Every structure is written in structure tokens, then in C-alpha cells.
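Asks: This one is entry_11.cif, mmCIF, N, CA and C atoms.
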data_structure
#
loop_
_atom_site.label_atom_id
_atom_site.label_comp_id
_atom_site.auth_asym_id
_atom_site.auth_seq_id
_atom_site.Cartn_x
_atom_site.Cartn_y
_atom_site.Cartn_z
N MET A 323 0.84 -1.17 0.00
CA MET A 323 0.00 0.00 0.00
C MET A 323 0.90 1.25 0.00
N THR A 324 0.62 2.16 -0.93
CA THR A 324 1.40 3.39 -1.00
C THR A 324 0.54 4.64 -0.87
N THR A 325 -0.79 4.48 -0.81
CA THR A 325 -1.70 5.62 -0.76
C THR A 325 -2.69 5.44 0.38
N LEU A 326 -2.95 6.52 1.11
CA LEU A 326 -3.97 6.54 2.16
C LEU A 326 -4.92 7.69 1.89
N ASP A 327 -6.22 7.41 1.90
CA ASP A 327 -7.24 8.45 1.73
C ASP A 327 -8.18 8.41 2.91
N HIS A 328 -8.47 9.56 3.44
CA HIS A 328 -9.45 9.69 4.52
C HIS A 328 -10.41 10.80 4.12
N TRP A 329 -11.47 10.42 3.44
CA TRP A 329 -12.44 11.37 2.93
C TRP A 329 -13.78 11.14 3.61
N ASN A 330 -14.27 12.17 4.28
CA ASN A 330 -15.59 12.16 4.90
C ASN A 330 -15.84 10.93 5.76
N SER A 331 -14.86 10.58 6.56
CA SER A 331 -15.00 9.49 7.50
C SER A 331 -14.83 10.03 8.91
N GLY A 332 -15.08 9.23 9.88
CA GLY A 332 -15.08 9.68 11.26
C GLY A 332 -13.76 9.55 11.98
N SER A 333 -13.80 9.82 13.28
CA SER A 333 -12.61 9.80 14.13
C SER A 333 -11.96 8.43 14.20
N ASP A 334 -12.77 7.37 14.21
CA ASP A 334 -12.20 6.02 14.30
C ASP A 334 -11.36 5.68 13.08
N SER A 335 -11.84 6.05 11.90
CA SER A 335 -11.05 5.76 10.70
C SER A 335 -9.82 6.65 10.62
N LEU A 336 -9.89 7.85 11.16
CA LEU A 336 -8.70 8.72 11.19
C LEU A 336 -7.63 8.09 12.08
N LYS A 337 -8.04 7.42 13.15
CA LYS A 337 -7.08 6.72 14.01
C LYS A 337 -6.39 5.59 13.25
N LEU A 338 -7.13 4.92 12.37
CA LEU A 338 -6.52 3.87 11.53
C LEU A 338 -5.45 4.47 10.61
N VAL A 339 -5.75 5.61 10.03
CA VAL A 339 -4.77 6.30 9.17
C VAL A 339 -3.56 6.67 10.01
N ALA A 340 -3.79 7.22 11.19
CA ALA A 340 -2.69 7.67 12.05
C ALA A 340 -1.76 6.53 12.44
N ASN A 341 -2.30 5.33 12.54
CA ASN A 341 -1.50 4.19 12.97
C ASN A 341 -1.04 3.28 11.82
N ALA A 342 -1.27 3.69 10.61
CA ALA A 342 -0.85 2.89 9.45
C ALA A 342 0.67 2.83 9.39
N PRO A 343 1.21 1.76 8.81
CA PRO A 343 2.67 1.67 8.64
C PRO A 343 3.14 2.83 7.74
N ALA A 344 3.95 3.68 8.28
CA ALA A 344 4.31 4.93 7.60
C ALA A 344 5.35 4.77 6.50
N GLU A 345 6.20 3.77 6.58
CA GLU A 345 7.36 3.70 5.68
C GLU A 345 7.01 3.57 4.21
N ASN A 346 5.88 2.98 3.86
CA ASN A 346 5.53 2.77 2.46
C ASN A 346 4.61 3.83 1.87
N ILE A 347 4.05 4.68 2.69
CA ILE A 347 3.03 5.63 2.22
C ILE A 347 3.70 6.81 1.52
N GLN A 348 3.33 6.99 0.25
CA GLN A 348 3.87 8.08 -0.55
C GLN A 348 2.84 9.15 -0.85
N ARG A 349 1.56 8.80 -0.81
CA ARG A 349 0.49 9.75 -1.11
C ARG A 349 -0.57 9.66 -0.01
N MET A 350 -1.06 10.82 0.40
CA MET A 350 -2.10 10.84 1.43
C MET A 350 -3.06 11.99 1.15
N SER A 351 -4.36 11.70 1.28
CA SER A 351 -5.40 12.71 1.16
C SER A 351 -6.23 12.70 2.42
N LEU A 352 -6.39 13.83 3.04
CA LEU A 352 -7.19 13.96 4.25
C LEU A 352 -8.25 15.03 4.02
N PHE A 353 -9.51 14.63 4.14
CA PHE A 353 -10.64 15.53 3.99
C PHE A 353 -11.67 15.09 5.02
N PRO A 354 -11.53 15.58 6.26
CA PRO A 354 -12.34 15.05 7.37
C PRO A 354 -13.81 15.42 7.25
N ALA A 355 -14.62 14.59 7.80
CA ALA A 355 -16.04 14.88 7.90
C ALA A 355 -16.29 15.68 9.17
N TYR A 356 -17.46 16.22 9.27
CA TYR A 356 -17.80 16.96 10.49
C TYR A 356 -17.84 16.04 11.70
N SER A 357 -17.93 14.75 11.46
CA SER A 357 -18.00 13.80 12.58
C SER A 357 -16.63 13.53 13.20
N VAL A 358 -15.56 14.09 12.63
CA VAL A 358 -14.24 13.93 13.24
C VAL A 358 -14.15 14.93 14.39
N SER A 359 -14.27 14.41 15.60
CA SER A 359 -14.27 15.29 16.77
C SER A 359 -12.86 15.52 17.31
N ASP A 360 -12.01 14.52 17.19
CA ASP A 360 -10.64 14.64 17.69
C ASP A 360 -9.74 15.03 16.52
N LYS A 361 -9.53 16.31 16.34
CA LYS A 361 -8.78 16.82 15.20
C LYS A 361 -7.28 16.85 15.51
N ASP A 362 -6.71 15.66 15.56
CA ASP A 362 -5.31 15.49 15.91
C ASP A 362 -4.56 14.98 14.68
N TYR A 363 -3.77 15.85 14.07
CA TYR A 363 -3.02 15.51 12.87
C TYR A 363 -1.52 15.48 13.13
N ARG A 364 -1.14 15.34 14.39
CA ARG A 364 0.29 15.28 14.71
C ARG A 364 0.96 14.06 14.12
N PHE A 365 0.18 13.05 13.77
CA PHE A 365 0.74 11.82 13.21
C PHE A 365 1.42 12.03 11.86
N LEU A 366 1.13 13.12 11.17
CA LEU A 366 1.71 13.32 9.84
C LEU A 366 3.23 13.32 9.85
N GLY A 367 3.84 13.72 10.94
CA GLY A 367 5.29 13.72 11.05
C GLY A 367 5.90 12.33 10.90
N ARG A 368 5.13 11.27 11.15
CA ARG A 368 5.62 9.90 11.01
C ARG A 368 5.80 9.51 9.55
N PHE A 369 5.12 10.18 8.65
CA PHE A 369 5.08 9.78 7.24
C PHE A 369 6.18 10.51 6.45
N SER A 370 7.41 10.16 6.74
CA SER A 370 8.56 10.86 6.14
C SER A 370 8.76 10.53 4.66
N ASN A 371 8.07 9.53 4.14
CA ASN A 371 8.19 9.19 2.72
C ASN A 371 7.08 9.79 1.86
N LEU A 372 6.25 10.64 2.45
CA LEU A 372 5.17 11.27 1.69
C LEU A 372 5.74 12.13 0.57
N GLU A 373 5.20 11.94 -0.62
CA GLU A 373 5.57 12.76 -1.77
C GLU A 373 4.44 13.70 -2.16
N VAL A 374 3.19 13.26 -1.94
CA VAL A 374 2.01 14.06 -2.27
C VAL A 374 1.08 14.05 -1.06
N LEU A 375 0.64 15.23 -0.66
CA LEU A 375 -0.24 15.38 0.49
C LEU A 375 -1.36 16.33 0.14
N CYS A 376 -2.60 15.89 0.38
CA CYS A 376 -3.76 16.74 0.15
C CYS A 376 -4.45 16.95 1.50
N LEU A 377 -4.56 18.20 1.90
CA LEU A 377 -5.21 18.57 3.15
C LEU A 377 -6.41 19.45 2.81
N ARG A 378 -7.60 18.90 2.87
CA ARG A 378 -8.79 19.64 2.51
C ARG A 378 -9.62 19.92 3.75
N ASP A 379 -10.03 21.16 3.87
CA ASP A 379 -10.90 21.61 4.95
C ASP A 379 -10.31 21.34 6.34
N ILE A 380 -9.01 21.55 6.44
CA ILE A 380 -8.33 21.39 7.73
C ILE A 380 -7.66 22.72 8.06
N ASP A 381 -8.09 23.35 9.12
CA ASP A 381 -7.50 24.61 9.56
C ASP A 381 -6.29 24.27 10.43
N LEU A 382 -5.12 24.27 9.83
CA LEU A 382 -3.90 23.84 10.52
C LEU A 382 -3.54 24.74 11.71
N ASP A 383 -4.05 25.96 11.72
CA ASP A 383 -3.78 26.85 12.85
C ASP A 383 -4.67 26.55 14.05
N LYS A 384 -5.72 25.75 13.86
CA LYS A 384 -6.66 25.48 14.95
C LYS A 384 -6.74 24.03 15.38
N VAL A 385 -6.10 23.11 14.66
CA VAL A 385 -6.11 21.71 15.05
C VAL A 385 -4.75 21.36 15.63
N ARG A 386 -4.65 20.18 16.21
CA ARG A 386 -3.35 19.74 16.73
C ARG A 386 -2.50 19.29 15.54
N PHE A 387 -1.45 20.06 15.31
CA PHE A 387 -0.59 19.83 14.14
C PHE A 387 0.77 20.40 14.47
N GLU A 388 1.80 19.65 14.20
CA GLU A 388 3.15 20.06 14.59
C GLU A 388 3.99 20.63 13.45
N PHE A 389 3.38 20.85 12.28
CA PHE A 389 4.08 21.42 11.12
C PHE A 389 5.41 20.69 10.87
N PRO A 390 5.33 19.40 10.57
CA PRO A 390 6.55 18.60 10.40
C PRO A 390 7.26 18.90 9.08
N VAL A 391 8.56 18.71 9.08
CA VAL A 391 9.30 18.74 7.83
C VAL A 391 9.16 17.35 7.21
N LEU A 392 8.66 17.32 5.99
CA LEU A 392 8.46 16.07 5.26
C LEU A 392 9.50 16.04 4.14
N PRO A 393 10.59 15.30 4.31
CA PRO A 393 11.75 15.42 3.44
C PRO A 393 11.54 15.05 1.98
N LYS A 394 10.50 14.28 1.66
CA LYS A 394 10.29 13.86 0.27
C LYS A 394 9.08 14.52 -0.38
N LEU A 395 8.39 15.39 0.35
CA LEU A 395 7.17 16.02 -0.16
C LEU A 395 7.48 16.91 -1.37
N VAL A 396 6.83 16.63 -2.50
CA VAL A 396 7.02 17.44 -3.71
C VAL A 396 5.75 18.18 -4.10
N GLU A 397 4.59 17.73 -3.61
CA GLU A 397 3.33 18.37 -3.97
C GLU A 397 2.38 18.38 -2.78
N ILE A 398 1.70 19.52 -2.61
CA ILE A 398 0.67 19.62 -1.58
C ILE A 398 -0.55 20.30 -2.17
N CYS A 399 -1.70 19.83 -1.74
CA CYS A 399 -2.98 20.43 -2.09
C CYS A 399 -3.57 20.95 -0.79
N ILE A 400 -3.96 22.20 -0.80
CA ILE A 400 -4.49 22.81 0.42
C ILE A 400 -5.54 23.84 0.04
N ASP A 401 -6.55 24.01 0.88
CA ASP A 401 -7.59 25.00 0.60
C ASP A 401 -6.99 26.40 0.57
N ASP A 402 -7.40 27.16 -0.41
CA ASP A 402 -6.92 28.53 -0.57
C ASP A 402 -7.10 29.34 0.72
N ASN A 403 -8.24 29.20 1.37
CA ASN A 403 -8.51 29.99 2.57
C ASN A 403 -7.80 29.46 3.82
N ARG A 404 -7.07 28.36 3.71
CA ARG A 404 -6.32 27.81 4.84
C ARG A 404 -4.83 28.15 4.77
N VAL A 405 -4.43 28.87 3.75
CA VAL A 405 -3.02 29.23 3.59
C VAL A 405 -2.77 30.53 4.36
N THR A 406 -2.33 30.37 5.59
CA THR A 406 -2.05 31.48 6.49
C THR A 406 -0.54 31.76 6.49
N PRO A 407 -0.11 32.84 7.11
CA PRO A 407 1.34 33.06 7.20
C PRO A 407 2.09 31.89 7.84
N ARG A 408 1.51 31.26 8.85
CA ARG A 408 2.17 30.11 9.49
C ARG A 408 2.26 28.93 8.53
N VAL A 409 1.22 28.70 7.75
CA VAL A 409 1.24 27.62 6.77
C VAL A 409 2.26 27.91 5.68
N LEU A 410 2.34 29.15 5.22
CA LEU A 410 3.36 29.52 4.23
C LEU A 410 4.76 29.27 4.76
N GLU A 411 4.97 29.61 6.02
CA GLU A 411 6.28 29.36 6.64
C GLU A 411 6.58 27.86 6.65
N TRP A 412 5.58 27.06 6.99
CA TRP A 412 5.74 25.60 7.00
C TRP A 412 6.07 25.08 5.60
N LEU A 413 5.37 25.57 4.59
CA LEU A 413 5.63 25.12 3.22
C LEU A 413 7.05 25.46 2.77
N ARG A 414 7.54 26.61 3.17
CA ARG A 414 8.92 27.00 2.82
C ARG A 414 9.95 26.07 3.46
N GLN A 415 9.61 25.40 4.54
CA GLN A 415 10.54 24.50 5.23
C GLN A 415 10.66 23.14 4.54
N GLN A 416 9.79 22.85 3.60
CA GLN A 416 9.80 21.54 2.94
C GLN A 416 10.91 21.53 1.88
N PRO A 417 11.93 20.71 2.05
CA PRO A 417 13.13 20.81 1.20
C PRO A 417 12.91 20.47 -0.27
N ARG A 418 11.92 19.65 -0.60
CA ARG A 418 11.74 19.23 -2.00
C ARG A 418 10.41 19.69 -2.59
N LEU A 419 9.65 20.50 -1.87
CA LEU A 419 8.34 20.93 -2.34
C LEU A 419 8.48 21.77 -3.61
N LYS A 420 7.77 21.35 -4.65
CA LYS A 420 7.84 22.03 -5.95
C LYS A 420 6.49 22.57 -6.41
N ARG A 421 5.38 21.95 -5.94
CA ARG A 421 4.07 22.31 -6.46
C ARG A 421 3.07 22.46 -5.32
N VAL A 422 2.36 23.58 -5.35
CA VAL A 422 1.31 23.85 -4.37
C VAL A 422 0.01 24.02 -5.16
N LYS A 423 -0.96 23.16 -4.87
CA LYS A 423 -2.27 23.27 -5.51
C LYS A 423 -3.23 23.91 -4.52
N LEU A 424 -3.75 25.05 -4.91
CA LEU A 424 -4.72 25.75 -4.07
C LEU A 424 -6.11 25.31 -4.47
N TRP A 425 -6.86 24.80 -3.51
CA TRP A 425 -8.21 24.33 -3.81
C TRP A 425 -9.21 25.39 -3.39
N SER A 426 -10.10 25.68 -4.31
CA SER A 426 -11.19 26.60 -4.04
C SER A 426 -12.34 26.24 -4.95
N ALA A 427 -13.56 26.32 -4.46
CA ALA A 427 -14.73 26.04 -5.29
C ALA A 427 -14.95 27.17 -6.29
N PHE A 428 -14.34 28.31 -6.05
CA PHE A 428 -14.50 29.47 -6.91
C PHE A 428 -13.13 29.87 -7.46
N SER A 429 -13.11 30.80 -8.38
CA SER A 429 -11.82 31.24 -8.90
C SER A 429 -11.06 31.99 -7.81
N ILE A 430 -9.77 31.88 -7.86
CA ILE A 430 -8.92 32.48 -6.84
C ILE A 430 -8.57 33.91 -7.26
N ASP A 431 -8.73 34.82 -6.36
CA ASP A 431 -8.46 36.23 -6.62
C ASP A 431 -7.01 36.43 -7.04
N GLU A 432 -6.79 37.30 -8.00
CA GLU A 432 -5.44 37.52 -8.52
C GLU A 432 -4.47 38.01 -7.45
N SER A 433 -4.95 38.83 -6.53
CA SER A 433 -4.05 39.30 -5.46
C SER A 433 -3.64 38.15 -4.54
N ARG A 434 -4.54 37.19 -4.37
CA ARG A 434 -4.21 36.01 -3.56
C ARG A 434 -3.14 35.17 -4.26
N TRP A 435 -3.27 35.01 -5.58
CA TRP A 435 -2.24 34.30 -6.36
C TRP A 435 -0.88 34.95 -6.15
N ARG A 436 -0.84 36.26 -6.31
CA ARG A 436 0.44 36.98 -6.18
C ARG A 436 1.02 36.84 -4.77
N GLU A 437 0.15 36.89 -3.77
CA GLU A 437 0.59 36.74 -2.38
C GLU A 437 1.26 35.39 -2.15
N VAL A 438 0.62 34.33 -2.62
CA VAL A 438 1.18 32.98 -2.42
C VAL A 438 2.44 32.80 -3.26
N GLN A 439 2.41 33.27 -4.51
CA GLN A 439 3.58 33.14 -5.38
C GLN A 439 4.79 33.88 -4.80
N SER A 440 4.58 35.07 -4.29
CA SER A 440 5.71 35.82 -3.74
C SER A 440 6.23 35.19 -2.45
N ALA A 441 5.36 34.53 -1.69
CA ALA A 441 5.77 33.88 -0.44
C ALA A 441 6.49 32.56 -0.69
N LEU A 442 6.26 31.97 -1.87
CA LEU A 442 6.84 30.65 -2.19
C LEU A 442 7.60 30.72 -3.51
N PRO A 443 8.68 31.48 -3.56
CA PRO A 443 9.41 31.62 -4.82
C PRO A 443 10.00 30.29 -5.28
N GLY A 444 9.98 30.08 -6.58
CA GLY A 444 10.53 28.86 -7.15
C GLY A 444 9.58 27.69 -7.16
N MET A 445 8.38 27.85 -6.60
CA MET A 445 7.39 26.78 -6.60
C MET A 445 6.31 27.07 -7.63
N THR A 446 5.74 26.03 -8.19
CA THR A 446 4.61 26.16 -9.10
C THR A 446 3.34 26.22 -8.27
N ILE A 447 2.54 27.25 -8.50
CA ILE A 447 1.28 27.41 -7.79
C ILE A 447 0.17 27.16 -8.80
N GLN A 448 -0.68 26.16 -8.52
CA GLN A 448 -1.76 25.79 -9.43
C GLN A 448 -3.10 25.89 -8.72
N ASP A 449 -4.16 25.97 -9.52
CA ASP A 449 -5.50 25.87 -8.93
C ASP A 449 -5.90 24.39 -8.95
N ARG A 450 -7.08 24.09 -8.47
CA ARG A 450 -7.50 22.69 -8.35
C ARG A 450 -7.64 21.99 -9.69
N LEU A 451 -7.74 22.75 -10.78
CA LEU A 451 -7.83 22.16 -12.11
C LEU A 451 -6.47 22.02 -12.78
N GLY A 452 -5.43 22.44 -12.06
CA GLY A 452 -4.08 22.32 -12.59
C GLY A 452 -3.60 23.52 -13.37
N GLU A 453 -4.41 24.57 -13.42
CA GLU A 453 -4.01 25.77 -14.15
C GLU A 453 -3.03 26.59 -13.33
N VAL A 454 -2.00 27.04 -14.01
CA VAL A 454 -0.99 27.87 -13.37
C VAL A 454 -1.33 29.33 -13.65
N HIS A 455 -1.27 30.15 -12.63
CA HIS A 455 -1.56 31.56 -12.82
C HIS A 455 -0.43 32.21 -13.60
N PRO A 456 -0.77 33.06 -14.55
CA PRO A 456 0.31 33.70 -15.36
C PRO A 456 1.26 34.54 -14.55
#
Rewrite the structure from the file as C-alpha cells, please.

Replies:
Amino acid sequence: MTTLDHWNSGSDSLKLVANAPAENIQRMSLFPAYSVSDKDYRFLGRFSNLEVLCLRDIDLDKVRFEFPVLPKLVEICIDDNRVTPRVLEWLRQQPRLKRVKLWSAFSIDESRWREVQSALPGMTIQDRLGEVHP
């Protein structure tokens, strides 16, 4: 197994993800349901072989999260409205991160694109459809 997905499932299934054997996991998608009461994402630091990480509808500034350095991470998907200064700082710490996909149900404001691009120089910033802002 190289991929773990946790989409709209509860706290018990999130515990299964947290305790999965970390060494083989290269891709992970987390999109919690409202039924996830224990919002503890500190386990992500165990997954040092992650190359692709999708964090949907997770406010990293308000949940338990230790902002780990993930040495092999090359791509992350994160909600546009969850990219705070602290999250930008965390993304800059990722040694191999090359692509940031901003997810939004609507088009992303041009000033927001510029803000993220200037904070993450040298990285490709895409929208959820894969389009790169000019």
C-alpha cells in the first residue's frame, strides 16, 4: 500500500490512518467529515516518505498539528482559505516541495495568487484544475 485516503470518515477511521505503517506511504489525502471530533493531525510527522499530500478543509492553525518537515514532499494540495502566514512558513521548510495546488470552489483572486507566489518563490502554484496563474 502506497496511498492513504481519509475522505468524509469519522474519528475512528482517522485513528486507523494515524497508525498505518508509515514507511511505504507516498500519497495521502485527508478531507475530514464533520464527525471527526478529535482533530489530531500530529501523526503526519511519522510519514517521512510522503511525496504528495492533500489537506482539505483542515485549519492547521486550529487543530493539533506540529508542522513537520516532510523530506520527500514534492506536492501539496491545500484549501486557498487555509493558507495562512504560518502555513506559508511551513511550506517553505519543505526541502523538496515544488508544487502547491490551491483548492477553491471558486476562482482564486489575482491578489491572492500573487501573495502565495511571492511567499513561495521557485514553486509552481496551481489551482484545483491544474491551471498555473500567469

Asks: Separation of CA of Arg378 (chain A) and CA of Pro443 (chain A), in Å?

Replies: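 Between these atoms lies a distance of 23.0 Å.
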
Asks: Can you pull out the residues contacting Glu388 (chain A)? Cut-off 6 Å, using only N, CA and C atoms, and skip same-chain residues under 2 positions away; I want them as a list in words.

Replies: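 Surrounding residues, per the criterion: Tyr363, Arg364, Arg386 and Pro390 of chain A.
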
Asks: Choose the residue, out of A:Ala441, A:Asp334, A:Phe353, A:Phe365, that has the smallest atom-to-atom separation from Leu377 (chain A); count only N, CA and C atoms.

Replies: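 Between A:Ala441, A:Asp334, A:Phe353, A:Phe365, the residue approaching Leu377 (chain A) most closely is A:Phe353.
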
Asks: To one decimal in Å, tell me the separation between atom N of Val339 (chain A) and CA of Arg404 (chain A).

Replies: 22.8 Å

Asks: Let's see if you can do this: from backbone DSSP, list all strand (DSSP E or B) residues in region 348-423 of chain A, as a ChimeraX atom specification.

Replies: /A:349-353,362,374-377,386,397-401,421-423

Asks: Residues within 6 Å of Leu395 (chain A), please, as a PDB file with N, CA and C atoms, keeping the file's coordinate frame. Count all atoms listed in the file; anything in the same chain fewer than 2 positions from it doesn't count.

Replies:
ATOM      1  N   ASN A 371       8.070   9.530   4.140  1.00  0.00           N
ATOM      2  CA  ASN A 371       8.190   9.190   2.720  1.00  0.00           C
ATOM      3  C   ASN A 371       7.080   9.790   1.860  1.00  0.00           C
ATOM      4  N   LEU A 372       6.250  10.640   2.450  1.00  0.00           N
ATOM      5  CA  LEU A 372       5.170  11.270   1.690  1.00  0.00           C
ATOM      6  C   LEU A 372       5.740  12.130   0.570  1.00  0.00           C
ATOM      7  N   GLU A 373       5.200  11.940  -0.620  1.00  0.00           N
ATOM      8  CA  GLU A 373       5.570  12.760  -1.770  1.00  0.00           C
ATOM      9  C   GLU A 373       4.440  13.700  -2.160  1.00  0.00           C
ATOM     10  N   VAL A 374       3.190  13.260  -1.940  1.00  0.00           N
ATOM     11  CA  VAL A 374       2.010  14.060  -2.270  1.00  0.00           C
ATOM     12  C   VAL A 374       1.080  14.050  -1.060  1.00  0.00           C
ATOM     13  N   LEU A 392       8.660  17.320   5.990  1.00  0.00           N
ATOM     14  CA  LEU A 392       8.460  16.070   5.260  1.00  0.00           C
ATOM     15  C   LEU A 392       9.500  16.040   4.140  1.00  0.00           C
ATOM     16  N   PRO A 393      10.590  15.300   4.310  1.00  0.00           N
ATOM     17  CA  PRO A 393      11.750  15.420   3.440  1.00  0.00           C
ATOM     18  C   PRO A 393      11.540  15.050   1.980  1.00  0.00           C
ATOM     19  N   GLU A 397       4.590  17.730  -3.610  1.00  0.00           N
ATOM     20  CA  GLU A 397       3.330  18.370  -3.970  1.00  0.00           C
ATOM     21  C   GLU A 397       2.380  18.380  -2.780  1.00  0.00           C
ATOM     22  N   ARG A 418      11.920  19.650  -0.600  1.00  0.00           N
ATOM     23  CA  ARG A 418      11.740  19.230  -2.000  1.00  0.00           C
ATOM     24  C   ARG A 418      10.410  19.690  -2.590  1.00  0.00           C
ATOM     25  N   LEU A 419       9.650  20.500  -1.870  1.00  0.00           N
ATOM     26  CA  LEU A 419       8.340  20.930  -2.340  1.00  0.00           C
ATOM     27  C   LEU A 419       8.480  21.770  -3.610  1.00  0.00           C
ATOM     28  N   LYS A 420       7.770  21.350  -4.650  1.00  0.00           N
ATOM     29  CA  LYS A 420       7.840  22.030  -5.950  1.00  0.00           C
ATOM     30  C   LYS A 420       6.490  22.570  -6.410  1.00  0.00           C
TER      31      LYS A 420
END

Asks: Mind giving me the straight-line distance from atom C of Cys399 (chain A) to atom C of Leu366 (chain A) in Å, one decimal?

Replies: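 Atom-to-atom, atom C of Cys399 (chain A) to atom C of Leu366 (chain A), that is 14.8 Å.
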
Asks: Might you spell out which residues the PyMOL selection byres (((chain A and resi 406-410 and name CA) around 8) and name CA) would select in the displayed file, as a ChimeraX atom specification?

Replies: /A:382-383,403-405,411-414,438,441-442

Asks: Might you pull out every residue within 8 Å of Ser426 (chain A), with only C-alpha atoms counted and same-chain residues fewer than 3 positions away left off, and present them as a VMD selection string?

Replies: chain A and resid 401 to 403 429 to 430 449 to 450

Asks: Within 6.5 Å of Val391 (chain A), counting all atoms listed in the file, which residues show up once you throw out same-chain ones fewer than 5 positions away? Write them as a list of chain:residue names, please.

Replies: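 Contacts, in chain order: A:Gly367, A:Gln415, A:Gln416.
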
Asks: Let's see if you can do this: from backbone DSSP, list all helix (DSSP H, G or I) residues in region 325-417 of chain A, as a list in words.

Replies: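 Filtering region 325-417 of chain A to helix (DSSP H, G or I) leaves Ser333, Asp334, Ser335, Leu336, Lys337, Leu338, Val339, Ala340, Ala344, Glu345, Asn346, Arg364, Phe365, Leu366, Gly367, Arg368, Asp402, Asn403, Arg404, Pro407, Arg408, Val409, Leu410, Glu411, Trp412, Leu413 and Arg414 of chain A.
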
Asks: Output N, CA and C atoms for every residue in the selection just made, as a compact mmCIF listing (two decimals), keeping the file's coordinate frame.

Replies:
# COMPACT_ATOMS: atom_id res chain seq x y z
N SER A 333 -13.80 9.82 13.28
CA SER A 333 -12.61 9.80 14.13
C SER A 333 -11.96 8.43 14.20
N ASP A 334 -12.77 7.37 14.21
CA ASP A 334 -12.20 6.02 14.30
C ASP A 334 -11.36 5.68 13.08
N SER A 335 -11.84 6.05 11.90
CA SER A 335 -11.05 5.76 10.70
C SER A 335 -9.82 6.65 10.62
N LEU A 336 -9.89 7.85 11.16
CA LEU A 336 -8.70 8.72 11.19
C LEU A 336 -7.63 8.09 12.08
N LYS A 337 -8.04 7.42 13.15
CA LYS A 337 -7.08 6.72 14.01
C LYS A 337 -6.39 5.59 13.25
N LEU A 338 -7.13 4.92 12.37
CA LEU A 338 -6.52 3.87 11.53
C LEU A 338 -5.45 4.47 10.61
N VAL A 339 -5.75 5.61 10.03
CA VAL A 339 -4.77 6.30 9.17
C VAL A 339 -3.56 6.67 10.01
N ALA A 340 -3.79 7.22 11.19
CA ALA A 340 -2.69 7.67 12.05
C ALA A 340 -1.76 6.53 12.44
N ALA A 344 3.95 3.68 8.28
CA ALA A 344 4.31 4.93 7.60
C ALA A 344 5.35 4.77 6.50
N GLU A 345 6.20 3.77 6.58
CA GLU A 345 7.36 3.70 5.68
C GLU A 345 7.01 3.57 4.21
N ASN A 346 5.88 2.98 3.86
CA ASN A 346 5.53 2.77 2.46
C ASN A 346 4.61 3.83 1.87
N ARG A 364 -1.14 15.34 14.39
CA ARG A 364 0.29 15.28 14.71
C ARG A 364 0.96 14.06 14.12
N PHE A 365 0.18 13.05 13.77
CA PHE A 365 0.74 11.82 13.21
C PHE A 365 1.42 12.03 11.86
N LEU A 366 1.13 13.12 11.17
CA LEU A 366 1.71 13.32 9.84
C LEU A 366 3.23 13.32 9.85
N GLY A 367 3.84 13.72 10.94
CA GLY A 367 5.29 13.72 11.05
C GLY A 367 5.90 12.33 10.90
N ARG A 368 5.13 11.27 11.15
CA ARG A 368 5.62 9.90 11.01
C ARG A 368 5.80 9.51 9.55
N ASP A 402 -7.40 27.16 -0.41
CA ASP A 402 -6.92 28.53 -0.57
C ASP A 402 -7.10 29.34 0.72
N ASN A 403 -8.24 29.20 1.37
CA ASN A 403 -8.51 29.99 2.57
C ASN A 403 -7.80 29.46 3.82
N ARG A 404 -7.07 28.36 3.71
CA ARG A 404 -6.32 27.81 4.84
C ARG A 404 -4.83 28.15 4.77
N PRO A 407 -0.11 32.84 7.11
CA PRO A 407 1.34 33.06 7.20
C PRO A 407 2.09 31.89 7.84
N ARG A 408 1.51 31.26 8.85
CA ARG A 408 2.17 30.11 9.49
C ARG A 408 2.26 28.93 8.53
N VAL A 409 1.22 28.70 7.75
CA VAL A 409 1.24 27.62 6.77
C VAL A 409 2.26 27.91 5.68
N LEU A 410 2.34 29.15 5.22
CA LEU A 410 3.36 29.52 4.23
C LEU A 410 4.76 29.27 4.76
N GLU A 411 4.97 29.61 6.02
CA GLU A 411 6.28 29.36 6.64
C GLU A 411 6.58 27.86 6.65
N TRP A 412 5.58 27.06 6.99
CA TRP A 412 5.74 25.60 7.00
C TRP A 412 6.07 25.08 5.60
N LEU A 413 5.37 25.57 4.59
CA LEU A 413 5.63 25.12 3.22
C LEU A 413 7.05 25.46 2.77
N ARG A 414 7.54 26.61 3.17
CA ARG A 414 8.92 27.00 2.82
C ARG A 414 9.95 26.07 3.46

Asks: Could you list the residues chosen by the PyMOL selection byres ((chain A and resi 347) around 6) in this structure as a PyMOL selection string?

Replies: chain A and resi 323-325+343-346+348-349+371-373

Asks: So, counting only N, CA and C atoms, which residue among A:Val385, A:Arg421, A:Ala342, A:Leu375 is closest to Met445 (chain A)?

Replies: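 For Met445 (chain A), the nearest of the given residues is A:Arg421.
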
Asks: Scan for residues within 7 Å of the point (-2.2, 23.3, -3.0) in the coordinates of the file, using only C-alpha atoms, and reply as JSON, numbers by chain.

Replies: {"A": [398, 399, 400, 401, 422, 423, 424, 425, 448]}
